[in-house]
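**Q** Input start-v9.txt, format and content: compact mmCIF, C-alpha atoms.
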# COMPACT_ATOMS: atom_id res chain seq x y z
CA MET A 92 56.52 100.16 113.75
CA ALA A 93 57.56 101.60 110.37
CA ILE A 94 59.78 99.33 108.26
CA VAL A 95 62.97 100.73 106.72
CA TYR A 96 63.55 98.78 103.52
CA PHE A 97 66.87 100.40 102.66
CA PHE A 98 69.89 101.37 104.75
CA PRO A 99 73.39 101.68 103.21
CA GLN A 100 75.54 98.59 103.54
CA SER A 101 78.47 99.11 105.89
CA LEU A 102 81.83 99.76 104.27
CA PRO A 103 85.12 98.66 105.89
CA ASP A 104 85.76 100.53 109.16
CA GLU A 105 82.82 102.88 108.58
CA THR A 106 81.24 104.85 111.41
CA PHE A 107 77.53 104.61 112.13
CA SER A 108 77.13 108.37 111.65
CA SER A 109 78.69 107.98 108.19
CA ARG A 110 76.07 105.39 107.24
CA VAL A 111 73.28 107.68 108.45
CA ALA A 112 74.71 110.63 106.51
CA ARG A 113 74.97 108.47 103.38
CA TYR A 114 71.35 107.44 103.89
CA GLN A 115 70.27 111.08 103.93
CA SER A 116 72.28 111.81 100.78
CA MET A 117 70.93 108.77 98.92
CA SER A 118 67.33 109.14 100.09
CA GLY A 119 67.15 112.79 99.07
CA ASN A 120 65.83 113.95 102.44
CA ALA A 121 66.07 117.69 102.82
CA SER A 122 66.62 117.69 106.59
CA LYS A 123 68.25 115.74 109.39
CA VAL A 124 64.89 115.66 111.21
CA ALA A 125 63.23 113.82 108.31
CA THR A 126 66.08 111.29 108.19
CA PHE A 127 66.00 110.64 111.94
CA MET A 128 62.22 110.22 111.96
CA GLU A 129 62.42 107.65 109.16
CA LEU A 130 65.21 105.66 110.77
CA PHE A 131 64.60 106.03 114.51
CA GLY A 132 61.21 107.66 115.04
CA LYS A 133 63.06 110.42 116.94
CA ALA A 134 63.53 113.99 115.74
CA ASN A 135 67.12 114.54 116.84
CA PHE A 136 69.92 113.16 119.01
CA ALA A 137 73.72 112.94 118.95
CA LEU A 138 75.43 110.30 116.81
CA GLU A 139 78.93 111.23 117.99
CA GLN A 140 78.83 108.98 121.04
CA ILE A 141 80.87 105.84 121.62
CA VAL A 142 77.64 103.89 121.11
CA PRO A 143 74.86 106.10 119.66
CA LEU A 144 71.39 105.87 121.13
CA HIS A 145 68.45 104.04 119.53
CA LEU A 146 70.49 101.56 117.48
CA GLU A 147 68.06 98.85 118.58
CA THR A 148 65.16 100.85 117.12
CA LEU A 149 66.72 100.92 113.66
CA ALA A 150 67.77 97.27 113.94
CA ALA A 151 64.13 96.32 114.62
CA ARG A 152 62.93 98.35 111.61
CA LEU A 153 65.32 96.77 109.10
CA PRO A 154 64.65 93.43 107.35
CA GLY A 155 66.24 90.45 109.07
CA GLU A 156 66.88 89.36 112.64
CA PRO A 157 67.11 92.47 114.91
CA THR A 158 69.61 90.83 117.29
CA ILE A 159 72.04 90.03 114.47
CA THR A 160 71.65 93.51 112.97
CA LEU A 161 72.24 95.23 116.32
CA GLN A 162 75.34 93.14 117.02
CA SER A 163 76.64 94.04 113.55
CA PHE A 164 76.14 97.77 114.27
CA LEU A 165 78.01 97.49 117.58
CA ARG A 166 80.84 95.36 116.25
CA GLU A 167 81.46 97.09 112.90
CA ASN A 168 80.31 100.72 113.24
CA THR A 169 80.85 101.83 116.86
CA LEU A 170 83.83 102.26 119.18
CA LEU A 171 82.49 99.65 121.62
CA PRO A 172 85.15 97.01 120.64
CA LEU A 173 87.87 99.51 121.61
CA PHE A 174 86.44 100.06 125.11
CA GLN A 175 85.13 96.53 125.62
CA PRO A 176 88.30 94.86 127.03
CA PHE A 177 88.56 97.52 129.76
CA LEU A 178 84.92 97.65 130.92
CA GLY A 179 85.14 94.72 133.28
CA LYS A 180 84.05 91.13 132.78
CA ARG A 181 80.57 90.51 131.41
CA GLU A 182 78.86 88.19 133.87
CA GLN A 183 76.93 85.11 132.83
CA GLY A 184 73.49 86.18 131.63
CA GLU A 185 74.27 89.89 131.91
CA GLU A 186 72.53 91.99 129.30
CA ARG A 187 74.75 93.72 126.74
CA ASN A 188 73.02 96.98 127.70
CA SER A 189 74.59 96.71 131.17
CA LEU A 190 78.01 96.60 129.56
CA ILE A 191 77.22 99.58 127.33
CA ASN A 192 75.96 101.56 130.33
CA ARG A 193 79.49 101.48 131.76
CA LEU A 194 80.72 103.54 128.83
CA PRO A 195 81.34 107.26 129.18
CA ARG A 196 78.81 109.02 126.96
CA ARG A 197 81.37 111.46 125.65
CA VAL A 198 85.12 111.19 125.23
CA VAL A 199 86.75 114.16 126.94
CA GLY A 200 88.33 116.54 124.48
CA LYS A 201 86.94 114.82 121.38
CA HIS A 202 83.25 115.68 121.28
CA GLY A 203 82.39 117.88 118.32
CA ASN A 204 85.25 116.78 116.06
CA ALA A 205 85.13 114.47 113.05
CA HIS A 206 88.48 113.32 111.70
CA LEU A 207 89.21 112.63 108.04
CA CYS A 208 92.12 111.17 106.08
CA VAL A 209 91.98 112.61 102.56
CA GLN A 210 94.11 109.74 101.22
CA CYS A 211 91.51 107.27 102.51
CA VAL A 212 88.82 109.35 100.78
CA VAL A 213 90.67 109.25 97.44
CA GLU A 214 91.14 105.47 97.74
CA ALA A 215 87.46 104.95 98.62
CA VAL A 216 86.37 107.03 95.63
CA GLU A 217 88.42 104.75 93.39
CA LEU A 218 86.98 101.58 95.00
CA PHE A 219 83.36 102.52 95.74
CA GLY A 220 82.74 105.75 93.85
CA PHE A 221 82.57 107.87 97.02
CA GLY A 222 84.45 108.50 100.26
CA TYR A 223 83.25 107.90 103.81
CA TRP A 224 84.22 108.30 107.48
CA HIS A 225 86.46 105.72 109.12
CA ARG A 226 85.75 104.50 112.64
CA SER A 227 89.42 104.08 113.58
CA HIS A 228 90.03 107.79 112.84
CA GLN A 229 87.41 108.84 115.42
CA ALA A 230 88.88 106.93 118.37
CA PRO A 231 90.02 108.99 121.40
CA GLY A 232 93.60 110.17 121.14
CA VAL A 233 94.00 109.29 117.45
CA SER A 234 95.47 112.08 115.32
CA ALA A 235 96.99 110.06 112.46
CA CYS A 236 95.83 107.60 109.83
CA TRP A 237 96.99 104.09 110.73
CA LYS A 238 97.30 103.19 107.02
CA HIS A 239 98.88 106.26 105.43
CA GLY A 240 100.75 107.77 108.38
CA SER A 241 99.31 111.22 107.65
CA LEU A 242 97.77 113.74 110.04
CA LEU A 243 93.98 113.67 110.17
CA LEU A 244 91.89 116.73 109.36
CA SER A 245 88.97 117.97 111.45
CA SER A 246 88.20 121.02 109.29
CA CYS A 247 88.55 122.18 105.70
CA PRO A 248 92.24 122.85 104.94
CA VAL A 249 91.26 125.81 102.74
CA CYS A 250 88.73 127.78 104.83
CA SER A 251 88.90 125.97 108.24
CA LEU A 252 85.15 125.22 108.35
CA PRO A 253 84.72 122.31 110.80
CA PHE A 254 83.47 119.07 109.28
CA GLN A 255 81.20 118.39 112.27
CA ARG A 256 78.74 121.22 112.87
CA PRO A 257 76.02 121.34 115.54
CA GLY A 258 72.61 120.12 114.42
CA ARG A 259 73.82 118.84 111.04
CA LEU A 260 74.84 115.51 109.60
CA LEU A 261 78.23 115.24 107.95
CA GLU A 262 78.21 116.48 104.35
CA VAL A 263 81.89 116.04 103.49
CA PRO A 264 83.23 114.08 101.62
CA TRP A 265 80.09 113.41 99.54
CA ARG A 266 79.69 117.12 98.88
CA PRO A 267 82.29 119.88 98.55
CA CYS A 268 82.94 122.17 101.51
CA ALA A 269 79.81 124.27 102.10
CA HIS A 270 81.88 127.44 102.53
CA CYS A 271 84.68 127.35 99.94
CA GLY A 272 83.71 124.48 97.63
CA LYS A 273 86.80 122.35 98.34
CA ASP A 274 86.37 118.87 96.77
CA PHE A 275 87.78 116.16 99.04
CA GLY A 276 87.72 113.50 96.34
CA SER A 277 90.55 115.30 94.58
CA GLU A 278 94.22 115.66 95.49
CA THR A 279 94.89 117.46 98.78
CA THR A 280 98.17 118.31 100.47
CA VAL A 281 98.87 115.92 103.34
CA HIS A 282 101.32 116.10 106.22
CA SER A 283 103.13 113.18 107.80
CA ALA A 284 102.36 112.42 111.44
CA PRO A 285 104.97 111.67 114.14
CA ALA A 286 105.94 108.01 114.48
CA ASN A 287 104.43 107.63 117.97
CA ALA A 288 101.09 109.03 116.75
CA VAL A 289 101.07 106.54 113.87
CA GLY A 290 102.01 103.68 116.22
CA TYR A 291 99.12 104.59 118.51
CA ALA A 292 96.72 104.76 115.54
CA VAL A 293 97.85 101.30 114.34
CA PHE A 294 97.33 99.82 117.83
CA VAL A 295 93.84 101.37 118.06
CA HIS A 296 92.88 100.09 114.61
CA ASP A 297 94.05 96.56 115.41
CA LEU A 298 92.32 96.57 118.82
CA LEU A 299 89.04 97.66 117.23
CA ASN A 300 89.21 94.77 114.79
CA ALA A 301 90.32 92.20 117.38
CA ASN A 302 86.95 92.58 119.18
CA VAL A 303 88.44 91.37 122.49
CA ALA A 304 85.89 90.19 125.07
CA PRO A 305 85.64 92.08 128.39
CA VAL A 306 88.50 91.17 130.74
CA ALA A 307 88.10 90.90 134.50
CA PRO A 308 89.83 93.99 135.98
CA ASP A 309 91.91 92.00 138.48
CA LEU A 310 93.17 89.81 135.63
CA LEU A 311 93.99 92.88 133.55
CA ALA A 312 95.94 94.37 136.47
CA LYS A 313 97.83 91.08 136.85
CA ILE A 314 98.78 91.12 133.17
CA TYR A 315 100.10 94.69 133.45
CA ARG A 316 102.05 93.98 136.64
CA GLU A 317 103.68 90.83 135.33
CA ARG A 318 104.77 92.51 132.12
CA ILE A 319 106.16 95.53 133.98
CA GLN A 320 108.22 93.16 136.12
CA GLN A 321 109.38 91.22 133.05
CA ILE A 322 110.88 94.33 131.51
CA GLY A 323 112.87 95.02 134.67
CA PHE A 324 110.89 97.26 137.02
CA VAL A 325 110.89 94.95 140.04
CA ARG A 326 112.31 97.02 142.92
CA GLY A 327 110.31 97.81 146.04
CA LYS A 328 106.91 96.52 146.95
CA LEU A 329 104.40 95.77 144.23
CA PHE A 330 101.63 98.19 143.28
CA ASP A 331 98.63 96.27 144.54
CA GLU A 332 96.91 98.75 146.79
CA ALA A 333 93.15 98.25 146.71
CA ILE A 334 92.25 101.81 147.73
CA PRO A 335 93.61 104.88 145.87
CA ARG A 336 95.76 107.10 148.09
CA PRO A 337 97.68 110.31 147.46
CA ALA A 338 101.06 109.57 145.96
CA THR A 339 103.85 109.73 148.53
CA LYS A 340 107.26 108.11 148.84
CA GLN A 341 105.75 105.75 151.37
CA THR A 342 102.71 104.61 149.36
CA ARG A 343 104.09 104.62 145.82
CA SER A 344 106.44 101.78 144.92
CA THR A 345 109.85 102.71 143.61
CA SER A 346 109.36 100.37 140.67
CA MET A 347 106.03 101.96 139.63
CA VAL A 348 107.43 105.48 139.84
CA ALA A 349 110.44 104.46 137.78
CA PHE A 350 108.30 102.68 135.23
CA THR A 351 105.91 105.64 134.88
CA GLU A 352 108.80 108.02 134.27
CA ALA A 353 110.39 105.69 131.71
CA PHE A 354 107.00 105.09 130.10
CA ILE A 355 106.30 108.80 129.57
CA GLU A 356 109.86 109.44 128.41
CA SER A 357 109.65 106.66 125.80
CA LEU A 358 106.45 108.06 124.29
CA GLY A 359 107.25 111.72 124.74
CA SER A 360 105.56 114.05 127.20
CA ASP A 361 103.99 116.14 124.40
CA PHE A 362 102.43 113.08 122.77
CA VAL A 363 101.08 111.74 126.08
CA ALA A 364 99.52 115.17 126.75
CA GLN A 365 97.93 115.12 123.30
CA VAL A 366 96.35 111.70 123.92
CA ASP A 367 95.47 112.09 127.61
CA PRO A 368 93.59 115.30 128.60
CA ALA A 369 94.19 114.68 132.33
CA TYR A 370 97.95 114.54 131.82
CA ALA A 371 97.78 117.70 129.68
CA ALA A 372 95.94 119.44 132.53
CA GLY A 373 98.68 118.47 135.00
CA ARG A 374 96.66 115.81 136.85
CA THR A 375 99.50 113.30 137.14
CA THR A 376 99.16 112.08 140.73
CA ASN A 377 98.67 108.30 140.64
CA TRP A 378 98.48 108.67 136.87
CA LEU A 379 99.03 104.93 136.39
CA ARG A 380 96.86 103.13 138.93
CA PHE A 381 95.40 99.65 139.04
CA SER A 382 92.79 100.27 141.74
CA LEU A 383 89.09 99.64 141.04
CA ALA A 384 86.15 102.04 140.90
CA ASP A 385 82.62 100.71 140.33
CA GLY A 386 84.01 97.33 139.34
CA VAL A 387 86.40 98.55 136.63
CA MET A 388 90.00 99.74 136.67
CA ASP A 389 90.19 103.45 137.46
CA MET A 390 91.90 104.58 134.25
CA PRO A 391 90.51 106.09 131.02
CA VAL A 392 90.69 104.01 127.85
CA THR A 393 93.42 106.19 126.31
CA ARG A 394 95.73 105.36 129.23
CA HIS A 395 94.94 101.66 128.89
CA ILE A 396 95.82 101.80 125.20
CA LEU A 397 99.07 103.69 125.80
CA LEU A 398 100.04 101.23 128.53
CA ALA A 399 99.18 98.10 126.51
CA MET A 400 101.00 99.51 123.47
CA ARG A 401 104.13 100.26 125.54
CA LEU A 402 104.12 96.90 127.35
CA PHE A 403 103.22 94.54 124.50
CA GLY A 404 103.98 96.39 121.28
CA THR A 405 101.20 94.78 119.24
CA VAL A 406 97.57 93.87 119.83
CA GLU A 407 98.37 90.27 118.95
CA LYS A 408 100.85 90.01 121.84
CA PHE A 409 98.43 91.81 124.16
CA VAL A 410 95.70 89.27 123.34
CA GLU A 411 98.18 86.41 123.81
CA ALA A 412 99.00 87.75 127.29
CA ILE A 413 95.28 87.89 128.16
CA ARG A 414 94.77 84.30 127.05
CA GLY A 415 97.95 83.14 128.75
CA ALA A 416 96.80 84.62 132.06
CA GLY A 417 93.74 82.37 132.10
CA HIS A 418 91.14 84.56 130.44
CA GLU A 419 88.40 82.13 129.50
CA SER A 420 86.70 81.93 126.13
CA PRO A 421 83.70 84.21 125.54
CA GLN A 422 80.70 83.39 127.71
CA LYS A 423 78.23 80.86 126.40
CA ARG A 424 75.08 82.46 125.09
CA THR A 425 72.09 82.57 127.35
CA SER A 426 68.55 82.00 126.18
CA LYS A 427 68.24 85.77 125.73
CA ASP A 428 71.33 85.97 123.52
CA ARG A 429 70.77 82.76 121.55
CA VAL A 430 69.62 83.17 117.97
CA ASP A 431 67.34 80.67 116.26
CA PRO A 432 69.48 78.69 113.73
CA ARG A 433 66.72 79.28 111.21
CA ALA A 434 67.32 83.04 111.38
CA ASN A 435 70.22 82.95 108.88
CA ILE A 436 68.11 80.98 106.39
CA GLN A 437 65.21 83.40 106.84
CA LEU A 438 67.56 86.35 106.38
CA ARG A 439 68.99 84.80 103.20
CA ASP A 440 65.49 84.25 101.80
CA GLN A 441 64.48 87.83 102.62
CA TYR A 442 67.50 89.18 100.76
CA ARG A 443 66.80 86.96 97.76
CA GLN A 444 63.20 88.14 97.60
CA ARG A 445 64.29 91.75 97.85
CA ILE A 446 66.88 91.33 95.08
CA SER A 447 64.25 89.68 92.86
CA ARG A 448 61.87 92.61 93.42
CA GLU A 449 64.56 95.15 92.53
CA ILE A 450 65.51 93.30 89.33
CA LYS A 451 61.85 93.17 88.25
CA ILE A 452 61.54 96.91 88.79
CA GLU A 453 64.85 97.72 87.06
CA PRO A 454 66.19 94.80 84.95
CA ALA A 455 69.43 96.66 84.13
CA ILE A 456 70.22 97.49 87.77
CA ALA A 457 73.94 97.50 88.56
CA LEU A 458 75.50 95.17 91.13
CA GLU A 459 76.65 98.18 93.20
CA ARG A 460 73.02 99.34 93.49
CA LEU A 461 71.93 95.92 94.68
What does the file become when written as structure tokens?
**A**
Amino acid sequence: MAIVYFFPQSLPDETFSSRVARYQSMSGNASKVATFMELFGKANFALEQIVPLHLETLAARLPGEPTITLQSFLRENTLLPLFQPFLGKREQGEERNSLINRLPRRVVGKHGNAHLCVQCVVEAVELFGFGYWHRSHQAPGVSACWKHGSLLLSSCPVCSLPFQRPGRLLEVPWRPCAHCGKDFGSETTVHSAPANAVGYAVFVHDLLNANVAPVAPDLLAKIYRERIQQIGFVRGKLFDEAIPRPATKQTRSTSMVAFTEAFIESLGSDFVAQVDPAYAAGRTTNWLRFSLADGVMDMPVTRHILLAMRLFGTVEKFVEAIRGAGHESPQKRTSKDRVDPRANIQLRDQYRQRISREIKIEPAIALERL
């Protein structure tokens, strides 16, 4: 297997596709095919998935312990931590691949878009000398920057050329717009986003960084129910039906109907439609449901996030509720997951040797290059 001696270090909240695009720019490769063959041994595949394919191939080709590298990719550069709490409990000894296989491969309504905050680009240029793509901006339903409160762009504001184009890696913001030459490292007019869009973006950002372990779906349903009752929606029978049924006055609890109406009203119907494609399409029957399908709760992640945000306000309080309901600590590692304690020492020594080689080749090398 070919060894890849260099791959750009991850920057805060950077997407995996951003790291691959930076690799192509820094390596001088003329084509996406050449870059993919060097990194993955594959000619072409989509990077715009929740967890891109073939991460384990690149992890095995890079210096260091492949298991540690792969876990770093998943934790720091993919959207897996956002989906992870809602995928169902990871059983003792269960392979991580089984958990990943529960993910939808595409997020409805978001495939093909790449979202950029120009203020984040300007700040990154000042800090690192170049901009990059933020993971929290690519999450489903996010339309605002959690940090700056501005609307995200998915195309050039001058000529409307989409940032993400079929068959190509991202070129912006390292290069000007291919059509009109717009430079995204310079000042660009920004527009403020609605407060509820910013609040959703903040919740998503915090949930990504919390890296919450998978929660058993029955426990998650219990947390939701108890909080809904705490805020006053306690009339009628509780919403604990195991099998989904068409919504009728007989099968839907008065309290759940009332809560759903108040929930949508508090967020705004237009905003809910923007975040949730099913709601926008008018599919609102049993829109909030705690029934199970294939071992997980039968709701998309955007609805989970909206619900948790409305019920708990912050990710910190959401995590406290999970712990308070008896959610155990993360599973102990199995023999397959366990990493040799010597791996960190070996990794340190490999980095030291590599740094020594680079300094011998170029004594005046800058720290940023290293």
**Q** Using only C-alpha atoms, list the residues that have an atom at most 12 Å from (80.6, 97.4, 119.7), coordinates as in the file, as a PyMOL selection string.
**A** chain A and resi 106-107+140-143+146+160-176+187-188+190-191+194+226+298-305
**Q** For each of A:Ser283, A:Trp237, A:Ile319, A:Pro267, take the minimum atom-to-atom distance to Ala399 of chain A, counting all atoms listed in the file, then give the residue where this is smallest.
**A**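 Of all the options, A:Ile319 lies closest to Ala399 of chain A.
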**Q** Extract, using all atoms listed in the file, all DNA, RNA and protein residues at most 7 Å from segment 251-265 of chain A, discarding same-chain residues fewer than 4 positions from it, and format them as an MDAnalysis selection string.
**A** chainID A and resid 112 123 203:205 221:223 245:247 275:276
**Q** Quick one: pull the distance between atom CA of Phe324 of chain A and atom CA of Ala292 of chain A, Å, one decimal.
**A**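 Value for the atom CA of Phe324 of chain A-atom CA of Ala292 of chain A distance: 26.8 Å.
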**Q** From the set A:Phe381, A:Gly386, A:Cys211, A:Arg414, which residue has the shortest atom-to-atom contact distance to Leu398 of chain A, counting all atoms listed in the file?
**A** A:Phe381
**Q** Could you tell me how far atom CA of Arg401 of chain A lies from atom CA of Ile355 of chain A, in Å and to one decimal?
**A**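 Separation between atom CA of Arg401 of chain A and atom CA of Ile355 of chain A: 9.7 Å.
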**Q** What is the atom CA of Gly404 of chain A-atom CA of Ile314 of chain A distance in Å, reported with one decimal?
**A** 14.0 Å
**Q** Using all atoms listed in the file, pick whichever of A:Leu383, A:Leu458, A:Ala416, A:Leu138 has the shortest atom-to-atom distance to Lys313 of chain A.
**A**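 Among the listed residues, A:Ala416 lies closest to Lys313 of chain A.
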